[in-house]
Each structure stands twice: as C-alpha cells, then as structure tokens.
$ cat start-v9.cif   # mmCIF, C-alpha atoms and all ligand atoms
data_my_file
loop_
_atom_site.label_atom_id
_atom_site.label_comp_id
_atom_site.auth_asym_id
_atom_site.auth_seq_id
_atom_site.Cartn_x
_atom_site.Cartn_y
_atom_site.Cartn_z
CA MET Z 11 15.73 -9.26 9.48
CA CYS Z 12 18.83 -7.70 10.95
CA VAL Z 13 19.02 -4.25 12.45
CA HIS Z 14 21.65 -3.33 9.85
CA PHE Z 15 19.11 -3.96 7.11
CA LEU Z 16 16.53 -1.83 8.87
CA THR Z 17 19.02 0.97 9.35
CA THR Z 18 20.46 1.07 5.86
CA ARG Z 19 17.52 0.14 3.73
CA LEU Z 20 14.40 1.10 5.55
CA LEU Z 21 15.17 3.88 7.97
CA PRO Z 22 15.05 6.79 5.52
CA PHE Z 23 11.68 5.87 4.16
CA MET Z 24 10.27 5.18 7.57
CA MET Z 25 11.35 8.57 8.76
CA ALA Z 26 9.78 10.15 5.70
CA PHE Z 27 6.57 8.24 6.32
CA MET Z 28 6.33 9.91 9.70
CA SER Z 29 6.26 13.31 8.06
CA ILE Z 30 4.03 12.24 5.19
CA GLN Z 31 1.39 10.84 7.49
CA GLY Z 32 1.54 13.78 9.83
CA GLY Z 33 -0.14 12.46 12.92
CA ASN Z 34 1.09 15.11 15.31
CA GLU Z 35 -0.79 15.43 18.51
CA GLN Z 36 -2.60 18.59 17.54
CA GLY Z 37 -3.91 16.81 14.48
CA GLY Z 38 -2.27 19.03 11.86
CA ARG Z 39 -4.27 19.54 8.68
CA GLN Z 40 -7.01 16.99 8.81
CA SER Z 41 -10.68 16.76 8.13
CA PRO Z 42 -13.08 18.05 10.75
CA GLY Z 43 -14.71 15.54 13.05
CA SER Z 44 -11.76 13.21 12.97
CA GLN Z 45 -11.22 12.88 16.71
CA THR Z 46 -11.50 9.11 16.36
CA SER Z 47 -8.91 9.16 13.60
CA LEU Z 48 -6.59 11.30 15.65
CA ARG Z 49 -7.00 9.02 18.60
CA ASN Z 50 -6.28 6.01 16.40
CA ARG Z 51 -3.11 7.56 15.04
CA ASN Z 52 -1.94 8.37 18.54
CA GLN Z 53 -2.80 4.83 19.62
CA GLN Z 54 -0.75 3.53 16.71
CA ARG Z 55 2.24 5.51 17.97
CA ILE Z 56 1.82 4.05 21.44
CA VAL Z 57 1.60 0.52 20.02
CA GLU Z 58 4.71 1.13 17.96
CA ALA Z 59 6.60 2.36 21.00
CA LEU Z 60 5.48 -0.73 22.96
CA VAL Z 61 6.53 -3.05 20.12
CA HIS Z 62 9.97 -1.52 20.26
CA LEU Z 63 10.46 -0.81 23.96
CA GLY Z 64 8.59 -3.74 25.46
CA PRO Z 65 6.75 -3.06 28.75
CA SER Z 66 7.05 0.66 29.46
CA THR Z 67 5.93 3.27 31.90
CA GLN Z 68 3.64 6.02 30.71
CA ALA Z 69 6.55 8.45 31.09
CA ASP Z 70 8.66 6.26 28.74
CA LEU Z 71 5.81 6.29 26.24
CA ALA Z 72 5.42 10.05 26.47
CA ARG Z 73 9.15 10.50 25.84
CA ARG Z 74 9.18 8.08 22.94
CA THR Z 75 6.04 9.33 21.18
CA GLY Z 76 6.12 13.02 22.04
CA LEU Z 77 2.48 12.77 23.16
CA SER Z 78 1.33 14.46 26.36
CA SER Z 79 0.95 12.48 29.60
CA ALA Z 80 -2.79 13.14 29.54
CA THR Z 81 -3.15 11.76 26.00
CA ILE Z 82 -1.08 8.68 26.86
CA SER Z 83 -3.12 8.08 29.98
CA ASN Z 84 -6.47 8.36 28.16
CA ILE Z 85 -5.46 6.03 25.36
CA VAL Z 86 -3.81 3.48 27.64
CA THR Z 87 -6.96 3.38 29.79
CA LYS Z 88 -9.09 2.76 26.69
CA MET Z 89 -6.70 0.08 25.41
CA ALA Z 90 -6.72 -1.65 28.80
CA THR Z 91 -10.54 -1.71 28.76
CA GLU Z 92 -10.42 -3.28 25.31
CA GLY Z 93 -7.94 -5.94 26.45
CA LEU Z 94 -5.12 -4.68 24.21
CA VAL Z 95 -2.70 -3.85 27.05
CA SER Z 96 -2.23 -4.73 30.68
CA VAL Z 97 -1.43 -2.05 33.25
CA GLU Z 98 0.46 -3.02 36.41
CA PRO Z 99 1.93 -0.97 39.26
CA THR Z 100 5.72 -0.76 39.20
CA ASN Z 101 8.53 1.18 40.81
CA ARG Z 102 10.77 3.37 38.72
CA HIS Z 103 13.73 5.21 40.34
CA GLY Z 104 12.02 4.94 43.71
CA ARG Z 105 8.77 6.43 42.39
CA ARG Z 106 5.51 4.68 41.85
CA ALA Z 107 4.55 4.25 38.22
CA VAL Z 108 2.47 1.96 36.03
CA SER Z 109 3.94 -0.47 33.56
CA VAL Z 110 2.07 -0.86 30.26
CA ARG Z 111 2.48 -4.10 28.34
CA LEU Z 112 1.03 -5.23 25.01
CA LEU Z 113 -1.04 -8.34 25.67
CA GLY Z 114 -0.15 -9.67 22.24
CA GLY Z 115 3.47 -9.67 23.44
CA ASP Z 116 6.09 -11.05 21.07
CA GLY Z 117 3.36 -12.52 18.90
CA SER Z 118 2.30 -9.08 17.67
CA VAL Z 119 1.14 -9.04 14.07
CA ALA Z 120 0.00 -6.45 11.56
CA ALA Z 121 -2.60 -7.26 8.91
CA GLY Z 122 -2.45 -6.05 5.33
CA ILE Z 123 -5.44 -6.14 2.98
CA GLY Z 124 -5.12 -5.75 -0.77
CA PHE Z 125 -8.16 -5.52 -3.05
CA GLY Z 126 -8.11 -6.76 -6.61
CA ARG Z 127 -11.02 -6.44 -9.01
CA ARG Z 128 -12.36 -9.85 -8.06
CA HIS Z 129 -10.36 -11.01 -5.10
CA LEU Z 130 -8.90 -9.82 -1.88
CA ARG Z 131 -5.70 -10.91 -0.20
CA VAL Z 132 -4.89 -10.73 3.49
CA VAL Z 133 -1.41 -11.14 4.97
CA LEU Z 134 -0.27 -11.14 8.57
CA ILE Z 135 3.32 -10.12 9.25
CA SER Z 136 5.49 -9.96 12.36
CA PRO Z 137 7.34 -6.77 13.42
CA ASP Z 138 10.46 -8.04 11.58
CA TYR Z 139 8.48 -8.23 8.30
CA ARG Z 140 8.12 -12.01 8.31
CA VAL Z 141 4.92 -13.21 6.63
CA VAL Z 142 3.29 -15.45 9.23
CA ALA Z 143 -0.01 -16.18 7.45
CA GLU Z 144 -1.84 -15.24 4.28
CA ASP Z 145 -4.83 -16.14 2.19
CA SER Z 146 -6.86 -14.80 -0.68
CA ILE Z 147 -10.54 -15.15 -1.48
CA VAL Z 148 -12.64 -14.54 -4.58
CA LEU Z 149 -15.02 -11.57 -4.47
CA PRO Z 150 -18.26 -11.20 -6.38
CA GLN Z 151 -17.95 -8.86 -9.37
CA GLY Z 152 -18.83 -5.26 -8.48
CA PHE Z 153 -18.59 -6.01 -4.75
CA ARG Z 154 -19.27 -3.14 -2.37
CA PRO Z 155 -16.18 -2.01 -0.43
CA ALA Z 156 -18.00 -2.43 2.89
CA ASP Z 157 -18.81 -6.05 2.00
CA GLY Z 158 -15.20 -6.59 0.97
CA LEU Z 159 -14.01 -5.33 4.34
CA SER Z 160 -16.46 -7.65 6.14
CA LEU Z 161 -14.97 -10.60 4.29
CA ALA Z 162 -11.44 -9.38 5.02
CA GLU Z 163 -12.32 -9.12 8.70
CA ASP Z 164 -13.40 -12.79 8.67
CA VAL Z 165 -10.18 -13.83 6.93
CA ILE Z 166 -8.05 -11.93 9.47
CA LYS Z 167 -9.82 -13.68 12.36
CA ARG Z 168 -9.47 -17.08 10.72
CA LEU Z 169 -5.75 -16.58 10.02
CA MET Z 170 -5.12 -15.44 13.59
CA ASP Z 171 -6.88 -18.56 14.85
CA GLN Z 172 -4.78 -20.69 12.51
CA ILE Z 173 -1.48 -19.37 13.79
CA GLY Z 174 -2.73 -19.46 17.37
CA VAL Z 175 -2.46 -15.80 18.35
CA ALA Z 176 -5.09 -14.00 20.38
CA GLY Z 177 -7.13 -11.11 18.97
CA ASN Z 178 -5.13 -8.61 20.98
CA ALA Z 179 -1.94 -9.55 19.10
CA LEU Z 180 -3.23 -7.53 16.16
CA VAL Z 181 -1.61 -4.10 16.46
CA GLY Z 182 -2.84 -2.46 13.28
CA ILE Z 183 -4.33 -2.91 9.82
CA GLY Z 184 -3.20 -1.50 6.51
CA VAL Z 185 -5.47 -1.42 3.46
CA GLY Z 186 -4.66 -0.78 -0.18
CA ILE Z 187 -7.49 0.68 -2.23
CA PRO Z 188 -7.58 0.68 -6.04
CA GLY Z 189 -6.81 4.34 -6.61
CA ALA Z 190 -5.77 7.58 -5.00
CA ILE Z 191 -6.63 8.65 -1.49
CA ASN Z 192 -6.23 12.24 -0.35
CA HIS Z 193 -4.15 12.14 2.83
CA LEU Z 194 -5.58 15.48 3.97
CA THR Z 195 -9.29 14.73 3.61
CA ARG Z 196 -8.69 10.97 4.08
CA MET Z 197 -11.19 10.29 1.27
CA PRO Z 198 -10.75 8.59 -2.13
CA VAL Z 199 -10.16 11.01 -5.02
CA ARG Z 200 -13.01 11.24 -7.52
CA GLY Z 201 -11.94 10.24 -11.03
CA ALA Z 202 -8.76 8.60 -9.73
CA VAL Z 203 -10.28 5.60 -7.96
CA SER Z 204 -12.54 2.72 -9.02
CA ALA Z 205 -16.14 3.97 -9.11
CA GLU Z 206 -17.42 1.85 -6.21
CA TRP Z 207 -14.83 3.43 -3.89
CA GLU Z 208 -15.61 7.05 -4.80
CA ASP Z 209 -17.95 7.91 -1.93
CA PHE Z 210 -16.68 5.30 0.47
CA ASP Z 211 -15.04 6.49 3.68
CA PRO Z 212 -12.40 3.79 4.24
CA PHE Z 213 -10.95 5.25 7.43
CA GLY Z 214 -14.39 5.74 8.99
CA GLU Z 215 -15.51 2.23 8.06
CA LEU Z 216 -12.31 0.58 9.32
CA GLU Z 217 -12.20 2.58 12.51
CA ARG Z 218 -15.81 1.58 13.23
CA ARG Z 219 -15.04 -2.07 12.50
CA PHE Z 220 -11.67 -2.54 14.19
CA LYS Z 221 -10.34 -1.31 17.51
CA VAL Z 222 -6.79 -1.06 16.19
CA PRO Z 223 -5.22 1.82 14.25
CA VAL Z 224 -5.61 1.68 10.48
CA VAL Z 225 -3.59 2.97 7.53
CA VAL Z 226 -5.17 3.37 4.08
CA ASP Z 227 -3.24 4.13 0.93
CA ASN Z 228 -3.26 3.80 -2.84
CA ASP Z 229 -2.45 0.21 -3.79
CA ALA Z 230 0.37 1.35 -6.10
CA ASN Z 231 2.08 3.23 -3.25
CA LEU Z 232 1.87 0.10 -1.11
CA GLY Z 233 3.13 -2.08 -3.96
CA ALA Z 234 6.22 0.15 -4.14
CA VAL Z 235 6.83 -0.27 -0.41
CA ALA Z 236 6.54 -4.06 -0.77
CA GLU Z 237 9.08 -4.12 -3.62
CA LEU Z 238 11.51 -2.15 -1.49
CA ILE Z 239 11.20 -4.61 1.41
CA TRP Z 240 10.56 -7.98 -0.28
CA GLY Z 241 11.76 -7.39 -3.84
CA PRO Z 242 14.99 -8.95 -5.12
CA TYR Z 243 16.67 -5.64 -5.97
CA GLY Z 244 18.95 -5.22 -2.97
CA ARG Z 245 19.59 -1.76 -1.67
CA VAL Z 246 17.54 0.61 -3.79
CA SER Z 247 16.86 4.29 -3.12
CA ASN Z 248 14.74 5.22 -6.13
CA LEU Z 249 12.07 2.83 -7.34
CA ILE Z 250 8.95 3.23 -9.45
CA TYR Z 251 6.19 0.66 -9.15
CA LEU Z 252 3.60 0.80 -11.93
CA LYS Z 253 0.41 -1.17 -11.55
CA ILE Z 254 -1.57 -2.07 -14.66
CA GLY Z 255 -5.13 -2.96 -13.77
CA THR Z 256 -8.50 -1.46 -14.58
CA GLY Z 257 -6.65 1.70 -13.62
CA ILE Z 258 -2.98 2.57 -14.02
CA GLY Z 259 -0.98 4.25 -11.30
CA THR Z 260 2.51 4.40 -9.89
CA GLY Z 261 3.99 4.36 -6.42
CA LEU Z 262 7.21 6.32 -6.10
CA ILE Z 263 10.11 5.66 -3.75
CA LEU Z 264 12.52 8.60 -3.93
CA ASN Z 265 15.73 8.87 -1.92
CA GLY Z 266 14.63 5.79 -0.01
CA ALA Z 267 11.27 7.22 0.99
CA PRO Z 268 7.74 6.99 -0.41
CA PHE Z 269 6.96 10.25 -2.17
CA GLY Z 270 3.60 11.55 -1.01
CA GLY Z 271 3.56 15.10 -2.36
CA ALA Z 272 1.20 17.57 -0.72
CA ALA Z 273 -1.80 15.27 -0.26
CA GLY Z 274 -0.55 11.79 -1.08
CA VAL Z 275 -1.99 11.97 -4.60
CA THR Z 276 1.20 11.28 -6.54
CA GLY Z 277 2.22 9.08 -9.45
CA GLU Z 278 -1.11 9.49 -11.26
CA VAL Z 279 0.40 8.65 -14.65
CA GLY Z 280 -2.87 6.99 -15.65
CA HIS Z 281 -4.03 10.44 -16.66
CA PHE Z 282 -1.03 11.41 -18.79
CA GLU Z 283 -2.26 12.05 -22.31
CA VAL Z 284 -0.76 9.44 -24.65
CA VAL Z 285 -3.12 9.73 -27.64
CA PRO Z 286 -4.19 13.32 -28.40
CA GLY Z 287 -7.97 13.31 -28.87
CA GLY Z 288 -8.09 9.59 -28.02
CA ARG Z 289 -10.65 7.62 -26.05
CA SER Z 290 -12.56 9.45 -23.35
CA CYS Z 291 -11.39 8.79 -19.82
CA ARG Z 292 -13.31 8.64 -16.54
CA CYS Z 293 -11.36 11.74 -15.43
CA GLY Z 294 -13.07 13.81 -18.14
CA ASN Z 295 -10.10 14.14 -20.51
CA ARG Z 296 -9.30 12.14 -23.63
CA GLY Z 297 -6.47 9.84 -24.61
CA CYS Z 298 -5.22 9.23 -21.06
CA LEU Z 299 -2.87 6.28 -20.53
CA GLU Z 300 -5.60 4.59 -18.52
CA ALA Z 301 -8.15 4.98 -21.32
CA GLU Z 302 -5.71 3.50 -23.83
CA ALA Z 303 -3.75 0.88 -21.90
CA SER Z 304 -5.61 -0.36 -18.79
CA THR Z 305 -6.77 -3.98 -18.76
CA SER Z 306 -10.34 -2.85 -19.49
CA ALA Z 307 -9.12 -0.74 -22.43
CA MET Z 308 -7.27 -3.78 -23.80
CA ILE Z 309 -10.35 -5.98 -23.45
CA GLU Z 310 -12.47 -3.37 -25.19
CA ARG Z 311 -9.96 -3.18 -28.06
CA ALA Z 312 -9.95 -6.95 -28.45
CA ARG Z 313 -13.75 -7.15 -28.59
CA PRO Z 314 -14.60 -6.15 -32.17
CA ASN Z 315 -12.83 -9.24 -33.50
CA LEU Z 316 -12.98 -11.52 -30.50
CA ALA Z 317 -16.27 -11.29 -28.67
CA THR Z 318 -15.20 -14.15 -26.39
CA VAL Z 319 -12.59 -12.01 -24.61
CA GLU Z 320 -14.50 -10.84 -21.56
CA SER Z 321 -11.97 -10.72 -18.78
CA THR Z 322 -8.30 -10.15 -18.03
CA GLU Z 323 -7.97 -13.93 -17.69
CA ASP Z 324 -9.39 -14.42 -21.22
CA LEU Z 325 -7.04 -11.78 -22.55
CA MET Z 326 -4.01 -13.42 -20.96
CA ALA Z 327 -4.98 -16.94 -22.00
CA ARG Z 328 -5.43 -15.92 -25.65
CA ALA Z 329 -2.16 -13.99 -25.66
CA LEU Z 330 -0.24 -16.92 -24.17
CA GLU Z 331 -1.83 -19.27 -26.73
CA GLY Z 332 -0.21 -17.10 -29.39
CA ASP Z 333 -3.24 -15.18 -30.67
CA ALA Z 334 -1.62 -12.51 -32.86
CA ALA Z 335 -4.54 -10.04 -32.66
CA ILE Z 336 -4.58 -10.10 -28.88
CA GLN Z 337 -0.81 -9.88 -28.69
CA ARG Z 338 -0.97 -6.78 -30.88
CA VAL Z 339 -3.52 -5.14 -28.59
CA ILE Z 340 -1.28 -5.84 -25.59
CA ASP Z 341 1.82 -4.70 -27.47
CA ASP Z 342 0.29 -1.35 -28.47
CA ALA Z 343 -0.91 -0.68 -24.95
CA SER Z 344 2.44 -1.66 -23.43
CA VAL Z 345 4.34 0.72 -25.71
CA HIS Z 346 2.20 3.58 -24.37
CA ILE Z 347 3.04 2.46 -20.83
CA GLY Z 348 6.74 2.34 -21.74
CA ASN Z 349 6.56 5.85 -23.19
CA VAL Z 350 5.14 7.24 -19.98
CA LEU Z 351 7.70 5.36 -17.89
CA GLY Z 352 10.39 6.84 -20.13
CA ASP Z 353 9.15 10.36 -19.40
CA LEU Z 354 9.00 9.59 -15.71
CA ALA Z 355 12.48 8.07 -15.68
CA SER Z 356 13.85 11.14 -17.45
CA VAL Z 357 12.63 13.20 -14.51
CA LEU Z 358 13.44 10.81 -11.66
CA ASN Z 359 16.31 8.58 -12.89
CA PRO Z 360 15.25 5.54 -10.82
CA GLU Z 361 17.42 2.46 -10.31
CA VAL Z 362 14.45 0.11 -10.63
CA ILE Z 363 11.05 0.15 -12.33
CA VAL Z 364 8.73 -2.71 -11.38
CA ILE Z 365 5.57 -3.59 -13.30
CA GLY Z 366 2.78 -5.07 -11.20
CA GLY Z 367 -0.85 -6.09 -11.62
CA PRO Z 368 -2.59 -9.10 -13.12
CA LEU Z 369 -0.74 -9.00 -16.46
CA VAL Z 370 2.69 -9.78 -15.00
CA GLY Z 371 2.16 -13.45 -15.92
CA LEU Z 372 2.59 -12.36 -19.55
CA GLY Z 373 6.30 -11.78 -18.89
CA THR Z 374 8.13 -10.67 -22.04
CA LEU Z 375 4.85 -10.15 -23.90
CA ILE Z 376 4.39 -6.97 -21.89
CA LEU Z 377 7.95 -6.30 -20.80
CA ASP Z 378 9.47 -6.18 -24.31
CA PRO Z 379 7.06 -3.54 -25.68
CA ILE Z 380 7.29 -1.56 -22.43
CA ARG Z 381 11.06 -1.59 -22.86
CA ARG Z 382 10.72 -0.42 -26.48
CA GLY Z 383 8.47 2.47 -25.50
CA PHE Z 384 10.72 3.27 -22.55
CA SER Z 385 13.93 3.33 -24.61
CA ARG Z 386 12.38 5.65 -27.16
CA ARG Z 387 11.68 8.31 -24.56
CA THR Z 388 14.79 8.27 -22.35
CA LEU Z 389 18.40 9.28 -22.67
CA SER Z 390 20.59 6.22 -23.08
CA VAL Z 391 22.37 7.01 -19.84
CA VAL Z 392 19.06 6.84 -17.97
CA ARG Z 393 17.90 3.78 -19.89
CA ASP Z 394 21.12 1.89 -19.17
CA ALA Z 395 20.97 2.71 -15.47
CA THR Z 396 17.39 1.44 -15.05
CA THR Z 397 16.44 -2.12 -14.19
CA LEU Z 398 13.02 -2.80 -15.70
CA ALA Z 399 11.26 -5.90 -14.38
CA VAL Z 400 7.91 -7.47 -13.66
CA SER Z 401 7.06 -7.95 -9.99
CA SER Z 402 8.13 -11.20 -8.40
CA LEU Z 403 5.50 -10.81 -5.65
CA ASP Z 404 2.61 -12.01 -7.85
CA ASP Z 405 -0.57 -10.38 -6.61
CA ARG Z 406 0.70 -10.12 -3.04
CA GLY Z 407 2.51 -6.78 -3.22
CA GLU Z 408 -0.34 -4.49 -2.19
CA ALA Z 409 -1.33 -6.57 0.84
CA LEU Z 410 2.31 -6.95 1.90
CA GLY Z 411 2.95 -3.22 1.59
CA ALA Z 412 -0.26 -2.49 3.51
CA ALA Z 413 0.91 -4.65 6.42
CA ALA Z 414 4.43 -3.18 6.30
CA VAL Z 415 3.24 0.41 6.74
CA VAL Z 416 1.62 -0.54 10.05
CA PHE Z 417 5.05 -1.38 11.45
CA ARG Z 418 7.31 1.01 9.65
CA ARG Z 419 7.10 3.85 12.10
CA ALA Z 420 7.89 1.31 14.80
CA ALA Z 421 11.03 0.36 12.95
CA ALA Z 422 11.97 4.02 12.56
CA LEU Z 423 11.75 4.32 16.33
CA THR Z 424 13.87 1.19 16.65
CA ASP Z 425 16.69 2.85 14.83
CA ALA Z 426 16.26 6.39 16.03
ZN ZN D 501 -7.85 10.40 -17.44
#
$ encode --input "start-v9.cif" --output "structure tokens" --more "lines below"
Ligand SMILES: [Zn+2]
Amino acid sequence: MCVHFLTTRLLPFMMAFMSIQGGNEQGGRQSPGSQTSLRNRNQQRIVEALVHLGPSTQADLARRTGLSSATISNIVTKMATEGLVSVEPTNRHGRRAVSVRLLGGDGSVAAGIGFGRRHLRVVLISPDYRVVAEDSIVLPQGFRPADGLSLAEDVIKRLMDQIGVAGNALVGIGVGIPGAINHLTRMPVRGAVSAEWEDFDPFGELERRFKVPVVVDNDANLGAVAELIWGPYGRVSNLIYLKIGTGIGTGLILNGAPFGGAAGVTGEVGHFEVVPGGRSCRCGNRGCLEAEASTSAMIERARPNLATVESTEDLMARALEGDAAIQRVIDDASVHIGNVLGDLASVLNPEVIVIGGPLVGLGTLILDPIRRGFSRRTLSVVRDATTLAVSSLDDRGEALGAAAVVFRRAAALTDA
C-alpha cells in the first residue's frame, strides 16, 4: 500500500481514532483500577512508534509518543524482559543512549479476532494492511466469551507458526464483540450486546491473556473500518456499515473518520422503533428494528408455518430455494432495515452504505427490499448519491477491521 493511499484515504480517520481512543498519559476519563490498561495503551504507542521509526532511542520515542522519559523507560524495560524488544547501547550526537528495537522486526503482525454467533475468525495483517494469514473455526452454540478467546489464542499461535514468525512479532490484538462497548468504562453495554457478553470484561481478560496491547470495539464499527480499507469503493469519506445478525447495529465513518460519539456507543439503530407497540425487545422497549428484523426475529416469524427453520442457514437455504413464505419474512424485515437506513442517510448523506452479516449471501433478496424501504424515506437527491451494496468481505470484515485498528495509529504517525 503506497504512502499516498495512507495519506489521502486513511490519515483523517487515523487521526480521529487517536482522539476517540484517548490514551493520553494521564489516563483521561477511564475506569478506576485500569493501570494495566493505561500501561498497555502506552505500550501500544511505543510499538507503533517503533514500527514506524525502526530502532530508536528512548528520547526519539518520547518525542514521537509524547510520553515522559520515565514512562518510556519503565515500559521498555518490561518489554525487554518479555522478549518483545532488544535494548542496546548506542551513541547519539556524541552522547550515550540506548537503542530500542522490536524483536519482531519487519515481520511485525497485528491479529484481529471477529466473533460470529457460531464461529470465530482470526486474521493476521502486516503494517501495510496485507493479510498474511487467516482462519476461522466453528464455536459451540452459546459459547462463553472466555472460551472463545482461548480458542482464538490457539489459532493466533498456530497461524504465526504457519507463516514462520516468532511470538514477539505480534504487536497488538484487536477484537470485535457482538454489540456496543462503552469506551469510557471499557465494558459491554447492557441491552446492546449479546447476553453472554454482558458481564464479561473483554479488556481485562485480554490483558491477562496476552502481553501485547489490545483494542476492543463493536463489530459493526470494525466492519466499517474494514470496508474503508479493503472495500471496493475507492476514496470514500462517509460510509455506513450495517450488520444484520442476531442484533442489528451500524458503524459510522464520517468525514473519513470513525464516529465514536461521547462513549463509543454510536450507530445503535437496532433500537429505533419501527413498529409502534411491536414485539418486545431485549432493551425493554417494543417494536425495535432488532426485535422485528434481526436474524432471530426472522427465524421466529418463519416458525409458525415452517417448524424446520431453526437457524440462519436454514432460513437462507429455504429463501434461495424459492420458498415464498420465507422470502416474504425476509422481505418485510429488509424493508424495515431500509426505512431506518433512509432516516440515517437523510441525516448523514453518506456516499456508501454497506450491508454485512450472514445474510449477505442472499444478494438481491435482501438488497432489493432494503432499497425499497430506503427510497421511501430519503430525498431523491440523497438516494441518488448513495451507493447501497452488500459487503464483498464475506464474514471477514470484523476480524479485518479489528486487526487494522491495531496499526492505524502507527500509520497516522507515519504521515504526521
Ligand atoms: Zn430495543
């Protein structure tokens, strides 16, 4: 990937990410007892500076990251103990200094983990956003997040073995979770995340498990990032990614940057009311988009007539076979989704809206009704200016986006 691309297409959103994620040395607004988290974020900044600068003195790192000499020194010492960096004496402008070098060297990789309902995907990417390895594995239904992360850890190790890079080449891990995470408390948001994730502390668990810095975000936000980097849409500044799964959420890219709002809990269109007095929703309201149009809502609607439809795969297979009743269920749900996207587009006027999630294989069976619902609720000028498409990244978007956010502050430094 050329520097021009990084500058024109990615720089603005990388810069915005820096402010969204906070991560200043004082810690900013963060949960109490997060010294480990703070240290990890600072370590991530040092890794990013080393990826960009190559071997550097601690003074170089302090200048680049804005961290104090004492902080740099503490973290570098810890990283050297853990075998992540080497520290050698050097001479800079006639003064003695130490040179810090990433032991992973040019082979540095970031890992991205994306969780589906019944599978997880892991990707490894290089600092220039090349996918160097990936795999997905099936998960038992109702898996516990901690068990999922154990399995992901095994996959990461296996993939690193496969491509022949040492453990210390891993500079960070990004994870997409199925729902909202509050960037201030760093905890999943009750009612806006799959039930099994509600009381799970993803940062705590990951920081205990891995020595490298971690980033955790809503899978829809990460899907949006992946579309911006790997999608076929060229230079796009305003993009909405909507994921239809057992939940429904959007990731927003505005003016070239992910939009994180006050606490990172943005794009929660799953809880827009689409049917007044409709089905009850896990958030406590009724008639939410999620209660009417998620994959589980569609399966539930199909059930009275077709008891054999038990999963998203069943639903898709029957629809593709031409089952009119199932197609109607999907059509009705997709119109609701289109309506909400129309409202959103009227506010944001995006260039591109991408639909992601397991149903994308249905192609026009979901896209046509979404377009109908969308057109009904937008001005023609907005409608005509919007490209509406299903994701071309299959089920890889969330894992790709998760890996990309590990490197994106590094790339911002590259172009600063
Ligand atoms: Zn709701």
$ residues_around --input "start-v9.cif" --residues "Val86 (chain Z)" --least-positions-apart "3" --cutoff "9 Å" --atoms "only C-alpha atoms" --output "PyMOL selection string"
chain Z and resi 53+56+68+81-83+89-91+94-97+110
$ residues_near_ligand --input "start-v9.cif" --ligand "ligand ZN 501 (chain D)" --cutoff "12 Å" --atoms "all atoms listed in the file" --output "PyMOL selection string"
chain Z and resi 200-203+257-259+278-304
$ closest_residue --input "start-v9.cif" --among "Z:Val142, Z:Ala121, Z:Met326, Z:Ala190" --to "Ala312 (chain Z)" --atoms "all atoms listed in the file"
Z:Met326
$ residues_around --input "start-v9.cif" --residues "Arg74 (chain Z)" --least-positions-apart "2" --cutoff "9 Å" --atoms "only C-alpha atoms" --output "tab-separated table (two decimals) with C-alpha atoms, keeping the file's coordinate frame"
chain	number	residue	atom	x	y	z
Z	55	ARG	CA	2.24	5.51	17.97
Z	56	ILE	CA	1.82	4.05	21.44
Z	59	ALA	CA	6.60	2.36	21.00
Z	69	ALA	CA	6.55	8.45	31.09
Z	70	ASP	CA	8.66	6.26	28.74
Z	71	LEU	CA	5.81	6.29	26.24
Z	72	ALA	CA	5.42	10.05	26.47
Z	76	GLY	CA	6.12	13.02	22.04
Z	77	LEU	CA	2.48	12.77	23.16
Z	423	LEU	CA	11.75	4.32	16.33
$ residues_near_point --input "start-v9.cif" --point "(-4.9, -17.7, 13.8)" --cutoff "12 Å" --atoms "only C-alpha atoms" --output "list in words"
Gly117, Ser118, Val119, Ala121, Val133, Leu134, Val142, Ala143, Glu144, Asp145, Asp164, Val165, Ile166, Lys167, Arg168, Leu169, Met170, Asp171, Gln172, Ile173, Gly174, Val175, Ala176, Gly177, Asn178, Ala179 and Leu180 of chain Z
